[in-house]
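Asker: My structure is below; once you've seen it, I'll send some questions.
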Amino acid sequence: MEDLGLVAWPPEPVKSGRLVLRESETRDRATFIELLASPEVHTYLGGPRPRDELERETPEVPEHRPGSFVVDLDGAMIGLILLRRATGHRRPAAAGKVDLGYLFLPRAWGFGYAAEACAAALGWLDGVLPGEPVVLTTQTANARSMRLAVKLGFTEVERFEAWDAEQWLGMRSTAVLPG
């Protein structure tokens with residue numbers, strides 16, 4: 001995956017009703033490690049990484065690069081939104097398009113934060129790269145992620161096998177998000 005090209009980074013924080021999308025800071029390191037070491041978060045992502053490995057390898061300011069937004073609720077990180085150019089995507093329909101990814105702490109699940117944060121990130125993207133198609137890949141077994149993709153306006157392009165599971169590839173090709 002590559003960054004978003006000529007997009008100015010970092011942007012001003014992106015605010016939604018309850019959340020702020022911002023670049024990562026040193027204070028987010030422990031939450032990044034918690035997120036990446038969580039078995040619940042990585043149920044459909046190939047499993048968690050070992051905490052001791054993450055402690056050694058995670059930089060002081062993690063994910064400090066274009067397209068990475070910390071999702072902040074009341075001054076604390078609860079998740080991560082990633083927007084990357086999918087140059088090396090294994091599916092031709094996705095290659096070269098912007099890929100949306102997201103991870104949220106289990107304690108933040110079920111409150112609509114992922115939908116709110118993803119919609120805000122896509123709204124920001126629409127402002128800096130109008131009309132840019134966006135892809136999203138998730139396991140078909142991940143019912144929550146499938147519902148979120150549809151809610152965000154993604155439509156199925158194809159299903160395929162990868163990482164020992166059926167995957168769903170969706171695309172959002174308009175610059176207008178559903179209300």
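Starting from 1 in every chain, residues are counted up; chains themselves are A, B, ... following the order of the structure tokens, and ligands are numbered from 1 as listed.
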Can you pull out every residue within 6 Å of region 89-102 of chain A, counting only C-alpha atoms, but drop anything in the same chain fewer than 4 positions away, and send it as a ChimeraX atom specification?
Answerer: /A:80-85,134-136
Asker: Generate a file of the selected residues that holds N, CA, C and O atoms, formatted as a compact mmCIF listing (two decimals), in the first residue's frame.
Answerer:
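Output below, filename part_2.txt:
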# COMPACT_ATOMS: atom_id res chain seq x y z
N LEU A 80 -8.63 3.29 14.69
CA LEU A 80 -7.72 3.72 13.64
C LEU A 80 -8.44 3.60 12.30
O LEU A 80 -9.10 2.59 12.04
N ILE A 81 -8.31 4.63 11.47
CA ILE A 81 -8.82 4.59 10.09
C ILE A 81 -7.61 4.70 9.18
O ILE A 81 -6.73 5.55 9.38
N LEU A 82 -7.56 3.86 8.16
CA LEU A 82 -6.46 3.87 7.19
C LEU A 82 -7.02 4.09 5.80
O LEU A 82 -7.94 3.39 5.37
N LEU A 83 -6.47 5.06 5.10
CA LEU A 83 -6.77 5.29 3.68
C LEU A 83 -5.45 5.19 2.94
O LEU A 83 -4.55 6.00 3.16
N ARG A 84 -5.31 4.18 2.11
CA ARG A 84 -4.06 3.92 1.38
C ARG A 84 -4.37 3.60 -0.07
O ARG A 84 -5.39 3.00 -0.37
N ARG A 85 -3.44 3.94 -0.94
CA ARG A 85 -3.56 3.57 -2.35
C ARG A 85 -3.21 2.09 -2.45
O ARG A 85 -2.14 1.66 -2.03
N VAL A 134 -13.17 4.22 -3.95
CA VAL A 134 -12.59 3.65 -2.74
C VAL A 134 -13.02 2.19 -2.66
O VAL A 134 -14.17 1.87 -2.93
N VAL A 135 -12.08 1.32 -2.26
CA VAL A 135 -12.38 -0.10 -2.09
C VAL A 135 -12.27 -0.47 -0.62
O VAL A 135 -11.61 0.21 0.16
N LEU A 136 -12.92 -1.56 -0.29
CA LEU A 136 -12.89 -2.10 1.07
C LEU A 136 -12.96 -3.61 0.94
O LEU A 136 -13.77 -4.13 0.17
Asker: Which residues, written as a ChimeraX atom specification, have at least one atom at most 12 Å from Ala114 (chain A), with only C-alpha atoms counted and residues fewer than 6 positions away on the same chain left out?
Answerer: /A:16,18-19,21,70-73,78-81,100-106,108,120-122,144-145,147-149,151-152
Asker: Report as a PyMOL selection string: the residues of region 8-130 of chain A with a DSSP assignment of alpha helix (DSSP H), based on the backbone of this structure.
Answerer: chain A and resi 29-37+51-57+113-128
Asker: Give me, please, the distance in Å between CA of Ala141 (chain A) and CA of Leu54 (chain A), quoted to one decimal.
Answerer: 26.8 Å
Asker: Enumerate, as a PDB file with N, CA, C and O atoms, in the first residue's frame, the complete set of residues in chain A that a backbone-based DSSP assignment places in strand (DSSP E or B).
Answerer:
ATOM      1  N   GLU A   2       0.423   2.251  -0.661  1.00  0.00           N
ATOM      2  CA  GLU A   2       1.138   3.519  -0.706  1.00  0.00           C
ATOM      3  C   GLU A   2       0.250   4.619  -0.157  1.00  0.00           C
ATOM      4  O   GLU A   2      -0.940   4.434   0.057  1.00  0.00           O
ATOM      5  N   VAL A  14     -10.225  16.162  11.618  1.00  0.00           N
ATOM      6  CA  VAL A  14     -11.543  16.011  11.009  1.00  0.00           C
ATOM      7  C   VAL A  14     -12.513  15.725  12.149  1.00  0.00           C
ATOM      8  O   VAL A  14     -12.342  14.754  12.887  1.00  0.00           O
ATOM      9  N   LYS A  15     -13.537  16.560  12.280  1.00  0.00           N
ATOM     10  CA  LYS A  15     -14.475  16.406  13.387  1.00  0.00           C
ATOM     11  C   LYS A  15     -15.814  15.895  12.869  1.00  0.00           C
ATOM     12  O   LYS A  15     -16.295  16.315  11.833  1.00  0.00           O
ATOM     13  N   VAL A  20     -13.109  12.850  16.774  1.00  0.00           N
ATOM     14  CA  VAL A  20     -12.110  13.643  16.067  1.00  0.00           C
ATOM     15  C   VAL A  20     -11.169  12.653  15.401  1.00  0.00           C
ATOM     16  O   VAL A  20     -10.684  11.706  16.042  1.00  0.00           O
ATOM     17  N   LEU A  21     -10.913  12.847  14.119  1.00  0.00           N
ATOM     18  CA  LEU A  21      -9.911  12.068  13.402  1.00  0.00           C
ATOM     19  C   LEU A  21      -8.674  12.952  13.310  1.00  0.00           C
ATOM     20  O   LEU A  21      -8.745  14.078  12.816  1.00  0.00           O
ATOM     21  N   ARG A  22      -7.570  12.450  13.811  1.00  0.00           N
ATOM     22  CA  ARG A  22      -6.345  13.241  13.890  1.00  0.00           C
ATOM     23  C   ARG A  22      -5.148  12.349  13.602  1.00  0.00           C
ATOM     24  O   ARG A  22      -5.265  11.126  13.557  1.00  0.00           O
ATOM     25  N   SER A  68      -3.332   7.800   7.673  1.00  0.00           N
ATOM     26  CA  SER A  68      -3.619   7.146   8.949  1.00  0.00           C
ATOM     27  C   SER A  68      -4.238   8.143   9.914  1.00  0.00           C
ATOM     28  O   SER A  68      -3.612   9.140  10.263  1.00  0.00           O
ATOM     29  N   PHE A  69      -5.449   7.872  10.323  1.00  0.00           N
ATOM     30  CA  PHE A  69      -6.158   8.719  11.268  1.00  0.00           C
ATOM     31  C   PHE A  69      -6.393   7.963  12.573  1.00  0.00           C
ATOM     32  O   PHE A  69      -6.939   6.852  12.554  1.00  0.00           O
ATOM     33  N   VAL A  70      -6.027   8.562  13.683  1.00  0.00           N
ATOM     34  CA  VAL A  70      -6.445   8.075  14.988  1.00  0.00           C
ATOM     35  C   VAL A  70      -7.887   8.525  15.172  1.00  0.00           C
ATOM     36  O   VAL A  70      -8.230   9.664  14.856  1.00  0.00           O
ATOM     37  N   VAL A  71      -8.725   7.648  15.669  1.00  0.00           N
ATOM     38  CA  VAL A  71     -10.098   8.006  16.006  1.00  0.00           C
ATOM     39  C   VAL A  71     -10.111   8.298  17.504  1.00  0.00           C
ATOM     40  O   VAL A  71      -9.792   7.433  18.320  1.00  0.00           O
ATOM     41  N   ASP A  72     -10.452   9.541  17.813  1.00  0.00           N
ATOM     42  CA  ASP A  72     -10.364  10.051  19.183  1.00  0.00           C
ATOM     43  C   ASP A  72     -11.771  10.335  19.710  1.00  0.00           C
ATOM     44  O   ASP A  72     -12.551  11.015  19.061  1.00  0.00           O
ATOM     45  N   LEU A  73     -12.063   9.799  20.886  1.00  0.00           N
ATOM     46  CA  LEU A  73     -13.318  10.065  21.583  1.00  0.00           C
ATOM     47  C   LEU A  73     -12.972  10.677  22.928  1.00  0.00           C
ATOM     48  O   LEU A  73     -12.281  10.042  23.737  1.00  0.00           O
ATOM     49  N   ALA A  76      -9.259  10.437  23.907  1.00  0.00           N
ATOM     50  CA  ALA A  76      -8.586   9.133  23.956  1.00  0.00           C
ATOM     51  C   ALA A  76      -8.800   8.376  22.652  1.00  0.00           C
ATOM     52  O   ALA A  76      -9.895   8.389  22.085  1.00  0.00           O
ATOM     53  N   MET A  77      -7.764   7.692  22.218  1.00  0.00           N
ATOM     54  CA  MET A  77      -7.834   6.878  21.009  1.00  0.00           C
ATOM     55  C   MET A  77      -8.734   5.670  21.245  1.00  0.00           C
ATOM     56  O   MET A  77      -8.581   4.958  22.230  1.00  0.00           O
ATOM     57  N   ILE A  78      -9.681   5.455  20.307  1.00  0.00           N
ATOM     58  CA  ILE A  78     -10.523   4.256  20.364  1.00  0.00           C
ATOM     59  C   ILE A  78     -10.398   3.409  19.103  1.00  0.00           C
ATOM     60  O   ILE A  78     -10.915   2.300  19.045  1.00  0.00           O
ATOM     61  N   GLY A  79      -9.715   3.956  18.092  1.00  0.00           N
ATOM     62  CA  GLY A  79      -9.607   3.207  16.849  1.00  0.00           C
ATOM     63  C   GLY A  79      -8.671   3.878  15.875  1.00  0.00           C
ATOM     64  O   GLY A  79      -8.027   4.889  16.177  1.00  0.00           O
ATOM     65  N   LEU A  80      -8.633   3.292  14.693  1.00  0.00           N
ATOM     66  CA  LEU A  80      -7.723   3.724  13.637  1.00  0.00           C
ATOM     67  C   LEU A  80      -8.437   3.596  12.295  1.00  0.00           C
ATOM     68  O   LEU A  80      -9.096   2.586  12.038  1.00  0.00           O
ATOM     69  N   ILE A  81      -8.310   4.629  11.468  1.00  0.00           N
ATOM     70  CA  ILE A  81      -8.821   4.593  10.094  1.00  0.00           C
ATOM     71  C   ILE A  81      -7.607   4.702   9.176  1.00  0.00           C
ATOM     72  O   ILE A  81      -6.735   5.552   9.379  1.00  0.00           O
ATOM     73  N   LEU A  82      -7.560   3.855   8.158  1.00  0.00           N
ATOM     74  CA  LEU A  82      -6.462   3.873   7.194  1.00  0.00           C
ATOM     75  C   LEU A  82      -7.025   4.092   5.796  1.00  0.00           C
ATOM     76  O   LEU A  82      -7.939   3.390   5.373  1.00  0.00           O
ATOM     77  N   LEU A  83      -6.468   5.058   5.099  1.00  0.00           N
ATOM     78  CA  LEU A  83      -6.770   5.291   3.683  1.00  0.00           C
ATOM     79  C   LEU A  83      -5.445   5.192   2.943  1.00  0.00           C
ATOM     80  O   LEU A  83      -4.547   6.005   3.161  1.00  0.00           O
ATOM     81  N   ARG A  84      -5.308   4.176   2.110  1.00  0.00           N
ATOM     82  CA  ARG A  84      -4.064   3.923   1.384  1.00  0.00           C
ATOM     83  C   ARG A  84      -4.366   3.605  -0.071  1.00  0.00           C
ATOM     84  O   ARG A  84      -5.390   3.001  -0.373  1.00  0.00           O
ATOM     85  N   ARG A  85      -3.443   3.936  -0.941  1.00  0.00           N
ATOM     86  CA  ARG A  85      -3.558   3.568  -2.348  1.00  0.00           C
ATOM     87  C   ARG A  85      -3.209   2.090  -2.451  1.00  0.00           C
ATOM     88  O   ARG A  85      -2.142   1.657  -2.026  1.00  0.00           O
ATOM     89  N   VAL A  98      -8.051   3.802  -3.801  1.00  0.00           N
ATOM     90  CA  VAL A  98      -7.876   4.053  -2.374  1.00  0.00           C
ATOM     91  C   VAL A  98      -8.579   2.937  -1.612  1.00  0.00           C
ATOM     92  O   VAL A  98      -9.712   2.576  -1.925  1.00  0.00           O
ATOM     93  N   ASP A  99      -7.890   2.386  -0.630  1.00  0.00           N
ATOM     94  CA  ASP A  99      -8.404   1.291   0.185  1.00  0.00           C
ATOM     95  C   ASP A  99      -8.718   1.824   1.579  1.00  0.00           C
ATOM     96  O   ASP A  99      -7.886   2.487   2.197  1.00  0.00           O
ATOM     97  N   LEU A 100      -9.926   1.557   2.075  1.00  0.00           N
ATOM     98  CA  LEU A 100     -10.343   1.951   3.415  1.00  0.00           C
ATOM     99  C   LEU A 100     -10.179   0.780   4.363  1.00  0.00           C
ATOM    100  O   LEU A 100     -10.677  -0.309   4.104  1.00  0.00           O
ATOM    101  N   GLY A 101      -9.489   1.020   5.462  1.00  0.00           N
ATOM    102  CA  GLY A 101      -9.359   0.028   6.520  1.00  0.00           C
ATOM    103  C   GLY A 101      -9.668   0.676   7.853  1.00  0.00           C
ATOM    104  O   GLY A 101      -9.561   1.899   8.003  1.00  0.00           O
ATOM    105  N   TYR A 102     -10.059  -0.129   8.822  1.00  0.00           N
ATOM    106  CA  TYR A 102     -10.404   0.418  10.129  1.00  0.00           C
ATOM    107  C   TYR A 102     -10.237  -0.657  11.188  1.00  0.00           C
ATOM    108  O   TYR A 102     -10.456  -1.843  10.943  1.00  0.00           O
ATOM    109  N   LEU A 103      -9.835  -0.235  12.376  1.00  0.00           N
ATOM    110  CA  LEU A 103      -9.711  -1.091  13.544  1.00  0.00           C
ATOM    111  C   LEU A 103     -10.226  -0.302  14.740  1.00  0.00           C
ATOM    112  O   LEU A 103      -9.861   0.873  14.909  1.00  0.00           O
ATOM    113  N   PHE A 104     -11.039  -0.933  15.572  1.00  0.00           N
ATOM    114  CA  PHE A 104     -11.558  -0.284  16.771  1.00  0.00           C
ATOM    115  C   PHE A 104     -11.395  -1.209  17.966  1.00  0.00           C
ATOM    116  O   PHE A 104     -11.528  -2.432  17.838  1.00  0.00           O
ATOM    117  N   VAL A 134     -13.170   4.225  -3.945  1.00  0.00           N
ATOM    118  CA  VAL A 134     -12.587   3.648  -2.739  1.00  0.00           C
ATOM    119  C   VAL A 134     -13.018   2.192  -2.657  1.00  0.00           C
ATOM    120  O   VAL A 134     -14.173   1.867  -2.930  1.00  0.00           O
ATOM    121  N   VAL A 135     -12.082   1.321  -2.265  1.00  0.00           N
ATOM    122  CA  VAL A 135     -12.385  -0.097  -2.093  1.00  0.00           C
ATOM    123  C   VAL A 135     -12.265  -0.472  -0.619  1.00  0.00           C
ATOM    124  O   VAL A 135     -11.606   0.215   0.163  1.00  0.00           O
ATOM    125  N   LEU A 136     -12.919  -1.564  -0.287  1.00  0.00           N
ATOM    126  CA  LEU A 136     -12.893  -2.097   1.069  1.00  0.00           C
ATOM    127  C   LEU A 136     -12.958  -3.609   0.938  1.00  0.00           C
ATOM    128  O   LEU A 136     -13.773  -4.127   0.173  1.00  0.00           O
ATOM    129  N   THR A 137     -12.090  -4.303   1.670  1.00  0.00           N
ATOM    130  CA  THR A 137     -12.100  -5.760   1.670  1.00  0.00           C
ATOM    131  C   THR A 137     -12.339  -6.248   3.088  1.00  0.00           C
ATOM    132  O   THR A 137     -11.727  -5.740   4.029  1.00  0.00           O
ATOM    133  N   THR A 138     -13.226  -7.212   3.238  1.00  0.00           N
ATOM    134  CA  THR A 138     -13.485  -7.814   4.541  1.00  0.00           C
ATOM    135  C   THR A 138     -13.857  -9.275   4.347  1.00  0.00           C
ATOM    136  O   THR A 138     -14.296  -9.664   3.258  1.00  0.00           O
ATOM    137  N   GLN A 139     -13.688 -10.070   5.372  1.00  0.00           N
ATOM    138  CA  GLN A 139     -14.140 -11.449   5.302  1.00  0.00           C
ATOM    139  C   GLN A 139     -15.663 -11.475   5.317  1.00  0.00           C
ATOM    140  O   GLN A 139     -16.296 -10.718   6.054  1.00  0.00           O
ATOM    141  N   THR A 155     -20.580  -1.233  -2.689  1.00  0.00           N
ATOM    142  CA  THR A 155     -21.315  -2.305  -3.346  1.00  0.00           C
ATOM    143  C   THR A 155     -20.342  -3.408  -3.734  1.00  0.00           C
ATOM    144  O   THR A 155     -19.173  -3.138  -4.052  1.00  0.00           O
ATOM    145  N   GLU A 156     -20.835  -4.619  -3.704  1.00  0.00           N
ATOM    146  CA  GLU A 156     -19.975  -5.769  -3.969  1.00  0.00           C
ATOM    147  C   GLU A 156     -19.456  -5.754  -5.395  1.00  0.00           C
ATOM    148  O   GLU A 156     -20.204  -5.573  -6.352  1.00  0.00           O
ATOM    149  N   VAL A 157     -18.149  -5.976  -5.503  1.00  0.00           N
ATOM    150  CA  VAL A 157     -17.492  -6.135  -6.802  1.00  0.00           C
ATOM    151  C   VAL A 157     -17.232  -7.613  -7.045  1.00  0.00           C
ATOM    152  O   VAL A 157     -17.469  -8.125  -8.132  1.00  0.00           O
ATOM    153  N   GLU A 158     -16.752  -8.284  -6.005  1.00  0.00           N
ATOM    154  CA  GLU A 158     -16.479  -9.714  -6.131  1.00  0.00           C
ATOM    155  C   GLU A 158     -16.217 -10.333  -4.771  1.00  0.00           C
ATOM    156  O   GLU A 158     -15.979  -9.635  -3.793  1.00  0.00           O
ATOM    157  N   ARG A 159     -16.275 -11.666  -4.757  1.00  0.00           N
ATOM    158  CA  ARG A 159     -15.864 -12.464  -3.610  1.00  0.00           C
ATOM    159  C   ARG A 159     -14.722 -13.339  -4.066  1.00  0.00           C
ATOM    160  O   ARG A 159     -14.693 -13.783  -5.214  1.00  0.00           O
ATOM    161  N   PHE A 160     -13.794 -13.587  -3.157  1.00  0.00           N
ATOM    162  CA  PHE A 160     -12.624 -14.388  -3.511  1.00  0.00           C
ATOM    163  C   PHE A 160     -12.065 -15.047  -2.260  1.00  0.00           C
ATOM    164  O   PHE A 160     -12.370 -14.648  -1.142  1.00  0.00           O
ATOM    165  N   GLU A 161     -11.278 -16.070  -2.474  1.00  0.00           N
ATOM    166  CA  GLU A 161     -10.641 -16.778  -1.370  1.00  0.00           C
ATOM    167  C   GLU A 161      -9.246 -16.205  -1.151  1.00  0.00           C
ATOM    168  O   GLU A 161      -8.471 -16.043  -2.090  1.00  0.00           O
ATOM    169  N   ALA A 162      -8.938 -15.897   0.102  1.00  0.00           N
ATOM    170  CA  ALA A 162      -7.601 -15.452   0.490  1.00  0.00           C
ATOM    171  C   ALA A 162      -7.459 -15.653   1.987  1.00  0.00           C
ATOM    172  O   ALA A 162      -8.438 -15.556   2.724  1.00  0.00           O
ATOM    173  N   ALA A 165      -9.974 -17.904   3.847  1.00  0.00           N
ATOM    174  CA  ALA A 165     -11.351 -17.476   4.111  1.00  0.00           C
ATOM    175  C   ALA A 165     -11.915 -16.755   2.897  1.00  0.00           C
ATOM    176  O   ALA A 165     -11.170 -16.197   2.084  1.00  0.00           O
ATOM    177  N   GLU A 166     -13.250 -16.766   2.785  1.00  0.00           N
ATOM    178  CA  GLU A 166     -13.897 -16.012   1.716  1.00  0.00           C
ATOM    179  C   GLU A 166     -13.837 -14.518   2.046  1.00  0.00           C
ATOM    180  O   GLU A 166     -14.169 -14.103   3.159  1.00  0.00           O
ATOM    181  N   GLN A 167     -13.418 -13.729   1.073  1.00  0.00           N
ATOM    182  CA  GLN A 167     -13.288 -12.279   1.213  1.00  0.00           C
ATOM    183  C   GLN A 167     -14.338 -11.591   0.346  1.00  0.00           C
ATOM    184  O   GLN A 167     -14.723 -12.108  -0.702  1.00  0.00           O
ATOM    185  N   TRP A 168     -14.738 -10.422   0.766  1.00  0.00           N
ATOM    186  CA  TRP A 168     -15.684  -9.582   0.037  1.00  0.00           C
ATOM    187  C   TRP A 168     -14.969  -8.303  -0.344  1.00  0.00           C
ATOM    188  O   TRP A 168     -14.357  -7.648   0.500  1.00  0.00           O
ATOM    189  N   LEU A 169     -15.022  -7.954  -1.617  1.00  0.00           N
ATOM    190  CA  LEU A 169     -14.434  -6.708  -2.099  1.00  0.00           C
ATOM    191  C   LEU A 169     -15.569  -5.808  -2.546  1.00  0.00           C
ATOM    192  O   LEU A 169     -16.387  -6.188  -3.401  1.00  0.00           O
ATOM    193  N   GLY A 170     -15.654  -4.642  -1.935  1.00  0.00           N
ATOM    194  CA  GLY A 170     -16.662  -3.668  -2.296  1.00  0.00           C
ATOM    195  C   GLY A 170     -16.030  -2.392  -2.799  1.00  0.00           C
ATOM    196  O   GLY A 170     -14.854  -2.115  -2.522  1.00  0.00           O
ATOM    197  N   MET A 171     -16.797  -1.620  -3.561  1.00  0.00           N
ATOM    198  CA  MET A 171     -16.298  -0.353  -4.077  1.00  0.00           C
ATOM    199  C   MET A 171     -17.337   0.733  -3.843  1.00  0.00           C
ATOM    200  O   MET A 171     -18.531   0.530  -3.972  1.00  0.00           O
ATOM    201  N   ARG A 172     -16.829   1.894  -3.516  1.00  0.00           N
ATOM    202  CA  ARG A 172     -17.643   3.112  -3.377  1.00  0.00           C
ATOM    203  C   ARG A 172     -17.129   4.048  -4.460  1.00  0.00           C
ATOM    204  O   ARG A 172     -16.037   4.555  -4.372  1.00  0.00           O
TER     205      ARG A 172
END
Asker: Near Pro10 (chain A), counting only C-alpha atoms, which residues have an atom at most 9 Å away, once you skip same-chain residues fewer than 5 positions from it, shown as a short mmCIF file (atom, residue, chain, number, x, y, z; two decimals) with C-alpha atoms, in the first residue's frame?
Answerer:
data_model
loop_
_atom_site.label_atom_id
_atom_site.label_comp_id
_atom_site.auth_asym_id
_atom_site.auth_seq_id
_atom_site.Cartn_x
_atom_site.Cartn_y
_atom_site.Cartn_z
CA ARG A 22 -6.34 13.24 13.89
CA GLU A 23 -2.78 12.18 13.26
CA ARG A 65 2.07 8.59 7.93
CA PRO A 66 -0.33 9.97 5.35
CA GLY A 67 -3.73 8.32 5.32
#
Asker: Would you kindly return, as a ChimeraX atom specification, each protein, DNA or RNA residue with an atom no farther than 10 Å from any atom of Thr26 (chain A), considering only C-alpha atoms and excluding same-chain residues fewer than 2 positions away?
Answerer: /A:24,28-30,59-62,64
